[in-house]
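Worksheet for the structure shown next.
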Protein chains: 2
Amino acid sequence: MNQLDYKPNALAQNLRRQQTYTIGMIVPDSANPFFAEVARGIEDTSFEQNHSVILCNTDGDVDKQTTHTDLLIKNQVAGILFVAAGISTELVENLQARRVPVVVVDREVPDVNVDTVLTNHLQGGRLATKHLWDLGHRRIACISGGSNLSPSAERLTGYQQILQETGILFDESLVLRGDFQYVSGYEAARQLLAHADPPTAVFACNDLMAVGVISAATELGLRVPQDLSVVGFDDVRLASFTNPPLTTVAQPKYEIGVIATEMLLARVQNIDAPTRLKRLDTTLVIRQSTAPLTSD
Amino acid sequence: MNQLDYKPNALAQNLRRQQTYTIGMIVPDSANPFFAEVARGIEDTSFEQNHSVILCNTDGDVDKQTTHTDLLIKNQVAGILFVAAGISTELVENLQARRVPVVVVDREVPDVNVDTVLTNHLQGGRLATKHLWDLGHRRIACISGGSNLSPSAERLTGYQQILQETGILFDESLVLRGDFQYVSGYEAARQLLAHADPPTAVFACNDLMAVGVISAATELGLRVPQDLSVVGFDDVRLASFTNPPLTTVAQPKYEIGVIATEMLLARVQNIDAPTRLKRLDTTLVIRQSTAPLTSD
DNA sequence: GTGAAAGCGCTAACAC
DNA sequence: GTGTTAGCGCTTTCAC
């Protein structure tokens with residue numbers, strides 16, 4: 001029997017047992033370095049626990065998200081790990097009504113009582129800004145990300161809190177909105193550096209925009225960090241390889257995936273347990289894109 | 001009935017129909033930017049064709065690869081997209097014996113007649129080297145990747161072909177082995193630049209090592225590209241954001257995923273059709289890390 | 001057309 | 001222990 005290399009039909013097994021060992025993972029873009037790391041944490045942990053993972057990319061499209069979710073439900077997945085695209089309160093509620101285990105990851109889904117794992121973006125925003133303040137900077141700009149995403153908003157709030165706590169007057173013209181892409185960081189920096197009273201430091205709400213800031217500064221003949229300090233957010237692999245290497249706020253990306261998966265499998269065991277919220281702190285990684293303010 | 005939001009049980013459907021709409025994707029590391037892009041091509045195309053994809057990371061570990069494959073077979077996947085870890089001829093043969101549709105991606109699996117989609121690494125290696133030659137360089141170094149991987153070996157062969165065709169004497173001390181990681185590029189460059197008769201140009205067999213070369217050169221006070229030209233391979237997103245932006249050989253990463261998926265679904269339709277081999281050409285993306293040789 | 005019945009491959013329950 | 005059987009939810013066939 002072993003010689004024939006017999007492999008039981010999991011479809012029949014699962015149908016009979018009324019359960020599967022497959023989990024669905026819904027993310028905006030698995031090629032985005034941040035989600036790619038989270039996904040690896042998820043896949044590794046699932047593999048250890050004998051679960052397979054179905055990969056679903058939404059590109060932030062709510063319709064695609066619904067289609068994927070329907071497919072996952074039809075395939076009777078054990079549970080779903082969910083990074084929301086757009087407004088998703090209703091979707092999560094529907095899942096819960098069907099008693100499908102769900103864990104929300106990275107982006108909060110408002111107005112619904114659901115297991116959640118996310119980064120403490122507020123604390124991260126504070127860390128970045130405080131670091132610049134500690135270096136003596138007082139004119140600190142901030143380039144935020146997409147408007148309707150909770151991570152971006154919270155990072156900005158952290159920035160504002162530090163300004164307030166340290167008594168720096170909030171200057172609206174020093175806060176620009178980006179879209180988490182390189183070009184938006186570049187353009188925002190061009191605008192900031194043309195300011196009558198330009199900033200001496202910039203907190204970009206992700207690494208890609210921070211790299212854009214460095215490019216713009218370099219192009220204008222400014223040296224980073226001597227003439228302009230730059231802090232990013234995420235600590236993607238790229239951040240070590242920029243010139244200069246980027247000081248940034250590191251999210252525990254892989255760990256987010258691990259914890260979310262563990263939480264989901266616990267939820268599968270006990271669908272009626274009280275919901276949990278896990279908020280993971282960030283750490284500051286100081287490289288060479290920030291330096292003390294010099295008065296010259 | 002629609003009001004009850006009824007969703008048919010795909011397990012039962014598939015069991016009855018003796019087919020599924022799930023495909024397995026086996027890759028070394030989905031967080032590696034190259035595979036991440038390929039995976040997106042796969043996921044997008046599968047989604048369009050109403051198929052789900054199960055993500056499997058092997059980390060180059062043959063045992064993990066076997067475990068994953070077994071799981072996929074048990075789950076009766078429609079087919080498997082396969083980037084090989086190590087020696088995998090036997091595994092592919094087993095799959096074929098079971099009449100499981102397989103398409104081999106990126107890395108050739110020797111001695112087996114199987115559908116395959118890969119980059120023309122040889123042509124890419126030629127392109128990179130020819131570009132440097134056209135700029136006037138004659139002392140051109142090459143930093144290769146892992147020894148037993150066909151892509152790496154083919155790129156090196158392309159390099160050697162151009163040397164031979166242009167009449168450059170092959171200098172063994174100018175060819176170093178890396179491991180596709182940043183550090184190995186950095187270290188190889190340190191060694192090359194300490195050479196009694198150092199190269200004026202380096203072809204690194206992937207972008208990450210090329211960035212390592214740039215870092216090492218910069219550290220030694222050399223300017224890229226004025227003092228040293230550097231070409232990479234892959235054209236990952238990072239390559240646009242290095243300082244200077246990297247000249248590199250672009251692989252059609254996303255397209256590889258698309259074509260492989262289409263080939264697999266065609267194979268599912270007709271398991272006995274003749275096998276096909278698709279070899280996709282690379283393109284040279286000239287940025288700012290290469291310049292004409294100056295005699296000073 | 002509409003309805004009943006068999007069976008996909010397995011597991012769990014039950015009888016021996 | 002060992003063997004038999006019902007049934008998971010669906011599709012497909014066949015009878016009406």
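Ordering of the structure tokens sets the chain letters (A, B, ...), residue numbers begin anew at 1 in every chain, and ligands are numbered from 1 in the order given.
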
message = Taking only stretch 130-251 of chain B into account, list the residues labelled alpha helix (DSSP H) by DSSP (computed from the backbone), as a VMD selection string.
response = chain B and resid 130 to 134 150 to 166 182 to 193 207 to 219

For the selection you just gave me, I'd like the residues written to a file as a JSON list (two decimals), in the first residue's frame, keeping C-alpha atoms.
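Wrote out-v7.json, looks like this:
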```json
[["chain", "number", "residue", "atom", "x", "y", "z"],
["B", 130, "LYS", "CA", 28.07, 43.49, -24.63],
["B", 131, "HIS", "CA", 26.79, 46.74, -23.18],
["B", 132, "LEU", "CA", 29.97, 47.12, -21.15],
["B", 133, "TRP", "CA", 32.09, 46.22, -24.14],
["B", 134, "ASP", "CA", 30.28, 48.77, -26.29],
["B", 150, "SER", "CA", 20.84, 26.98, -14.09],
["B", 151, "PRO", "CA", 20.01, 30.71, -14.34],
["B", 152, "SER", "CA", 23.29, 31.70, -12.75],
["B", 153, "ALA", "CA", 25.38, 29.35, -14.85],
["B", 154, "GLU", "CA", 23.75, 30.53, -18.08],
["B", 155, "ARG", "CA", 24.34, 34.18, -17.30],
["B", 156, "LEU", "CA", 27.99, 33.43, -16.75],
["B", 157, "THR", "CA", 28.14, 31.56, -20.04],
["B", 158, "GLY", "CA", 26.72, 34.61, -21.81],
["B", 159, "TYR", "CA", 29.48, 36.70, -20.28],
["B", 160, "GLN", "CA", 32.13, 34.26, -21.44],
["B", 161, "GLN", "CA", 30.69, 34.09, -24.95],
["B", 162, "ILE", "CA", 30.96, 37.83, -25.41],
["B", 163, "LEU", "CA", 34.54, 37.86, -24.16],
["B", 164, "GLN", "CA", 35.39, 35.17, -26.64],
["B", 165, "GLU", "CA", 33.55, 36.76, -29.56],
["B", 166, "THR", "CA", 35.17, 40.14, -28.96],
["B", 182, "TYR", "CA", 24.06, 41.90, -1.04],
["B", 183, "VAL", "CA", 27.00, 41.01, 1.15],
["B", 184, "SER", "CA", 28.54, 38.65, -1.34],
["B", 185, "GLY", "CA", 28.50, 41.40, -3.98],
["B", 186, "TYR", "CA", 30.11, 43.76, -1.54],
["B", 187, "GLU", "CA", 32.85, 41.31, -0.61],
["B", 188, "ALA", "CA", 33.52, 40.26, -4.18],
["B", 189, "ALA", "CA", 33.91, 43.90, -5.13],
["B", 190, "ARG", "CA", 36.39, 44.53, -2.32],
["B", 191, "GLN", "CA", 38.44, 41.68, -3.66],
["B", 192, "LEU", "CA", 38.18, 42.76, -7.29],
["B", 193, "LEU", "CA", 39.11, 46.34, -6.56],
["B", 207, "ASP", "CA", 20.69, 43.44, -8.66],
["B", 208, "LEU", "CA", 21.27, 42.87, -4.98],
["B", 209, "MET", "CA", 24.91, 41.95, -5.54],
["B", 210, "ALA", "CA", 25.25, 44.91, -7.93],
["B", 211, "VAL", "CA", 24.13, 47.22, -5.13],
["B", 212, "GLY", "CA", 26.75, 45.61, -2.91],
["B", 213, "VAL", "CA", 29.36, 46.39, -5.55],
["B", 214, "ILE", "CA", 28.30, 50.03, -5.67],
["B", 215, "SER", "CA", 28.54, 50.29, -1.88],
["B", 216, "ALA", "CA", 32.02, 48.80, -1.83],
["B", 217, "ALA", "CA", 33.20, 51.06, -4.64],
["B", 218, "THR", "CA", 31.76, 54.17, -2.99],
["B", 219, "GLU", "CA", 33.43, 53.23, 0.26]]
```

task = Tell me the residues of chain B close to chain D, meaning within 8 Å using only C-alpha atoms (C1' of nucleotides), as a PyMOL selection string.
result = chain B and resi 9+12-13+16-17

Could you please take those selected residues and save C-alpha atoms as a PDB file, in the first residue's frame?
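Here's the written file selection-v2.pdb:
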```pdb
ATOM      1  CA  ASN B   9     -19.848  23.699  -0.977  1.00  0.00           C
ATOM      2  CA  ALA B  12     -18.628  18.463  -2.502  1.00  0.00           C
ATOM      3  CA  GLN B  13     -18.718  19.909  -6.007  1.00  0.00           C
ATOM      4  CA  ARG B  16     -18.239  14.837  -7.359  1.00  0.00           C
ATOM      5  CA  ARG B  17     -16.751  16.405 -10.504  1.00  0.00           C
TER       6      ARG B  17
END
```

Considering only C-alpha atoms (C1' of nucleotides), tabulate each residue of chain C that lies at most 9 Å from chain B along with its nearest interatomic pair and the corresponding distance in Å to one decimal; arrange the rows by chain and ascending residue number and present them as CSV.
```
residue,atom,partner,partner_atom,distance
C:DG7,C1',B:Arg16,CA,8.3
C:DC8,C1',B:Arg16,CA,4.4
C:DG9,C1',B:Leu15,CA,7.9
```

Selection file, N, CA and C atoms (P, O5', C5', C4', C3', O3' and C1' of nucleotides), as a PDB file, in the first residue's frame:
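Written output follows (again19.pdb):
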```pdb
ATOM      1  P    DG C   7     -24.350   3.405  -7.762  1.00  0.00           P
ATOM      2  O5'  DG C   7     -23.239   4.505  -7.504  1.00  0.00           O
ATOM      3  C5'  DG C   7     -22.876   5.394  -8.542  1.00  0.00           C
ATOM      4  C4'  DG C   7     -21.989   6.460  -7.954  1.00  0.00           C
ATOM      5  C3'  DG C   7     -21.002   5.952  -6.884  1.00  0.00           C
ATOM      6  O3'  DG C   7     -19.783   6.652  -7.052  1.00  0.00           O
ATOM      7  C1'  DG C   7     -22.213   7.718  -6.024  1.00  0.00           C
ATOM      8  P    DC C   8     -18.426   5.868  -6.998  1.00  0.00           P
ATOM      9  O5'  DC C   8     -17.337   7.032  -6.964  1.00  0.00           O
ATOM     10  C5'  DC C   8     -17.232   7.990  -7.995  1.00  0.00           C
ATOM     11  C4'  DC C   8     -16.795   9.301  -7.392  1.00  0.00           C
ATOM     12  C3'  DC C   8     -15.845   9.154  -6.211  1.00  0.00           C
ATOM     13  O3'  DC C   8     -14.507   9.223  -6.693  1.00  0.00           O
ATOM     14  C1'  DC C   8     -17.574  10.776  -5.759  1.00  0.00           C
ATOM     15  P    DG C   9     -13.500   8.041  -6.431  1.00  0.00           P
ATOM     16  O5'  DG C   9     -13.074   8.279  -4.919  1.00  0.00           O
ATOM     17  C5'  DG C   9     -12.389   9.473  -4.579  1.00  0.00           C
ATOM     18  C4'  DG C   9     -12.332   9.576  -3.076  1.00  0.00           C
ATOM     19  C3'  DG C   9     -11.698   8.373  -2.380  1.00  0.00           C
ATOM     20  O3'  DG C   9     -10.720   8.874  -1.491  1.00  0.00           O
ATOM     21  C1'  DG C   9     -13.776   8.887  -1.400  1.00  0.00           C
TER      22       DG C   9
END
```

request  = Select all residues from chain A having any atom no more than 7 Å from an atom of chain B (counting only C-alpha atoms, ignoring ligands), output as a list in words.
outcome  =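 Using only C-alpha atoms, chain A residues at most 7 Å from chain B: Lys7, Pro8, Asn9, Ala10, Leu11, Ala12, Leu15, Ser30, Ala31, Pro33, Ala36, Glu37, Arg40, Ser52, Val53, Ile54, Leu55, Lys74, Asn75, Gln76, Leu238, Thr242 and Asn243 of chain A.
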
Export N, CA and C atoms of the chosen residues as a compact mmCIF listing (two decimals), in the first residue's frame?
```txt
# COMPACT_ATOMS: atom_id res chain seq x y z
N LYS A 7 -2.12 8.36 -1.70
CA LYS A 7 -2.35 9.62 -1.00
C LYS A 7 -3.85 9.81 -0.85
N PRO A 8 -4.34 9.88 0.37
CA PRO A 8 -5.79 10.03 0.56
C PRO A 8 -6.32 11.30 -0.10
N ASN A 9 -7.55 11.25 -0.52
CA ASN A 9 -8.19 12.40 -1.14
C ASN A 9 -8.70 13.35 -0.07
N ALA A 10 -8.00 14.48 0.06
CA ALA A 10 -8.35 15.43 1.13
C ALA A 10 -9.73 16.03 0.91
N LEU A 11 -10.17 16.08 -0.33
CA LEU A 11 -11.50 16.61 -0.60
C LEU A 11 -12.54 15.76 0.13
N ALA A 12 -12.43 14.46 -0.04
CA ALA A 12 -13.37 13.54 0.60
C ALA A 12 -13.21 13.59 2.13
N LEU A 15 -14.67 16.86 3.36
CA LEU A 15 -16.12 16.89 3.21
C LEU A 15 -16.77 16.10 4.34
N SER A 30 0.67 41.23 -2.73
CA SER A 30 1.69 40.36 -2.15
C SER A 30 3.09 40.68 -2.67
N ALA A 31 3.21 41.52 -3.69
CA ALA A 31 4.53 41.89 -4.20
C ALA A 31 5.06 43.14 -3.50
N PRO A 33 6.74 44.86 -0.63
CA PRO A 33 7.68 44.23 0.31
C PRO A 33 7.11 44.06 1.72
N ALA A 36 4.65 41.20 1.56
CA ALA A 36 5.39 39.99 1.22
C ALA A 36 6.00 39.37 2.47
N GLU A 37 6.53 40.22 3.35
CA GLU A 37 7.11 39.72 4.60
C GLU A 37 6.03 39.17 5.53
N ARG A 40 4.99 35.83 4.37
CA ARG A 40 5.92 34.75 4.68
C ARG A 40 5.72 34.28 6.12
N SER A 52 -2.50 24.79 4.67
CA SER A 52 -2.12 25.43 3.41
C SER A 52 -2.71 26.83 3.38
N VAL A 53 -2.08 27.71 2.60
CA VAL A 53 -2.67 29.05 2.49
C VAL A 53 -2.96 29.42 1.04
N ILE A 54 -4.17 29.93 0.87
CA ILE A 54 -4.60 30.42 -0.45
C ILE A 54 -4.33 31.92 -0.50
N LEU A 55 -3.62 32.33 -1.55
CA LEU A 55 -3.19 33.72 -1.69
C LEU A 55 -4.21 34.51 -2.50
N LYS A 74 -16.72 29.23 -0.30
CA LYS A 74 -17.13 28.03 -1.04
C LYS A 74 -16.14 26.89 -0.81
N ASN A 75 -14.87 27.24 -0.71
CA ASN A 75 -13.86 26.21 -0.49
C ASN A 75 -13.75 25.82 0.97
N GLN A 76 -14.63 26.35 1.77
CA GLN A 76 -14.74 25.94 3.18
C GLN A 76 -13.45 26.14 3.95
N LEU A 238 15.11 47.15 1.26
CA LEU A 238 15.66 48.25 0.49
C LEU A 238 16.33 49.30 1.37
N THR A 242 20.02 51.89 0.48
CA THR A 242 19.97 53.21 -0.13
C THR A 242 21.26 53.92 0.19
N ASN A 243 21.45 55.07 -0.41
CA ASN A 243 22.67 55.83 -0.21
C ASN A 243 22.29 57.24 0.23
```

Separation of atom CA of A:His121 from atom CA of A:Pro225 in Å = 24.4 Å

request  = DSSP on the backbone, then: every residue of stretch 61-210 of chain B marked strand (DSSP E or B), written as a VMD selection string.
outcome  = chain B and resid 79 to 82 102 to 105 115 to 119 140 to 144 175 to 177 201 to 204

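Note that the spacing between atom CA of A:Ile87 and atom CA of A:Val258 amounts to 25.0 Å.
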
request  = Mind giving me the straight-line distance from atom CA of B:Ile168 to atom CA of B:Ile286 in Å, one decimal?
outcome  =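 Taking atom CA of B:Ile168 and atom CA of B:Ile286, their separation equals 23.1 Å.
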
ask   = Quick one: residues within 8 Å of A:Val105, only C-alpha atoms (C1' of nucleotides) counted, chain neighbours fewer than 2 positions away excluded, as a list in words?
value =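 In the requested format, the answer is Leu81, Phe82, Val83, Ala84, Val103, Arg107, Glu108, Thr116, Val117, Leu118, Ile256 and Ala260 of chain A.
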
Could those residues be written to a file, using C-alpha atoms, as an mmCIF file, in the first residue's frame?
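again.cif, freshly written:
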```
data_model
loop_
_atom_site.group_PDB
_atom_site.id
_atom_site.type_symbol
_atom_site.label_atom_id
_atom_site.label_comp_id
_atom_site.auth_asym_id
_atom_site.auth_seq_id
_atom_site.Cartn_x
_atom_site.Cartn_y
_atom_site.Cartn_z
ATOM 1 C CA LEU A 81 -6.533 36.438 7.431
ATOM 2 C CA PHE A 82 -7.668 39.769 6.233
ATOM 3 C CA VAL A 83 -5.880 42.984 5.292
ATOM 4 C CA ALA A 84 -8.766 45.239 4.388
ATOM 5 C CA VAL A 103 -8.427 37.854 11.932
ATOM 6 C CA ARG A 107 -5.428 47.899 9.049
ATOM 7 C CA GLU A 108 -8.222 48.287 11.546
ATOM 8 C CA THR A 116 -7.007 42.084 15.202
ATOM 9 C CA VAL A 117 -3.231 42.234 14.871
ATOM 10 C CA LEU A 118 -1.560 45.487 14.014
ATOM 11 C CA ILE A 256 2.685 40.143 12.460
ATOM 12 C CA ALA A 260 -2.072 36.623 13.160
#
```
